[in-house]
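To start, the structure itself, in structure tokens.
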Amino acid sequence: MSKILLFVFTFIFTNVVFAQNFSMDFNPEMVIKYRKDFMTAVKGHNNDIKAIVYGAVPFDNHLNIHLSSLEQMFAEIESLFPEGSDFGETNAKNAVWENPEKFKKAIADARQALVTFQQAVARGDKAKTKAAFKKFGRSSCGSCHKSFKKKQN
């Protein structure tokens, strides 16, 4: 019986300690670094899509991999800007935190632009896919960056 009680106590204690680790405050500098790396990955997918769409590389079969990745990543962008990560070496403008509703709308618009681009890709018309890619770039990343990202030197 004592072994069972010891096991139950150990199980409960370790779960309490483990759960506390998740409730601790985050490290804002690491959140900013993570956010930058995440956005660099988004940029990489966009660059690869561009190379495929414009025929610079022979990897047409990779297009849906990049589109699927962007779809998942766009769904998480808002979470990358928690309160308290608005300082330091960041390219994010204060508008992200000062006008969260506008920021949420920009993300929603970017996600919709991605869906529209995915639909154009699915139709298989290369000329229309190129045009849709340009529109996607302007109405997703470009639009959000205009209001919420500092210009880089």
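Letters A, B, ... mark the chains of the structure tokens in the order given; residue numbers begin at 1 per chain; ligand numbers begin at 1, in order shown.
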
For Asn47 in chain A, list every protein, DNA or RNA residue within 12 Å, evaluated using only C-alpha atoms, and leave out those in the same chain fewer than 5 positions away; present the list as a PyMOL selection string.
chain A and resi 40-42+52-54+56-57+63+66-67+70+133+137

From a DSSP calculation on the backbone, collect every residue of chain A in helix (DSSP H, G or I) and output the set as a PyMOL selection string.
chain A and resi 2-23+28-53+60-74+77-80+95-98+100-123+126-148

Neighbouring residues of Gly88 in chain A were defined as those with any atom within 10 Å, considering only C-alpha atoms; residues of the same chain fewer than 4 positions away were excluded. Please report them as a PyMOL selection string.
chain A and resi 28-29+32+92

Take CA of Lys149 in chain A and CA of Ile65 in chain A and report the distance between them in Å, one decimal.
26.6 Å

What does the distance from CA of Ala108 in chain A to CA of Ala122 in chain A come to in Å, to one decimal?
21.1 Å

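CA of Asp48 in chain A to CA of Asp60 in chain A spans 10.2 Å [interatomic distance, one decimal].
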
Please identify all polymer residues within 10 Å of Leu80 in chain A, counting only C-alpha atoms, omitting same-chain residues fewer than 5 positions from it, and present them as a ChimeraX atom specification.
/A:31-32,34-36,38-39,85

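Checking A:Pro82, A:Gly124, A:Gly142, A:Pro58 one by one against Pro100 in chain A, counting only C-alpha atoms, you find the shortest gap at A:Pro82.
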
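Proximity ranking of A:Phe74, A:Gly55, A:Ser68, A:Thr129 relative to Cys141 in chain A places A:Phe74 first, based on only C-alpha atoms.
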
Which residue gives the smallest distance to Ala95 in chain A among A:Asn27, A:Ser79, A:Ser147, A:Gln152, with only C-alpha atoms counted?
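Among the listed residues, the smallest separation from Ala95 in chain A belongs to A:Ser147.
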
Choose the residue, out of A:Lys93, A:Arg123, A:Val115, A:Lys130, that has the smallest atom-to-atom separation from His145 in chain A; count only C-alpha atoms.
A:Lys93

Shell of 12 Å around Asp109 in chain A, only C-alpha atoms, local chain residues under 3 positions omitted, as a list in words:
Phe74, Ala75, Lys102, Phe103, Lys104, Lys105, Ala106, Gln112, Ala113, Leu114, Val115, Thr116, Phe136, Gly137, Arg138, Ser139, Ser140, Cys141, Gly142, Ser143 and Cys144 of chain A
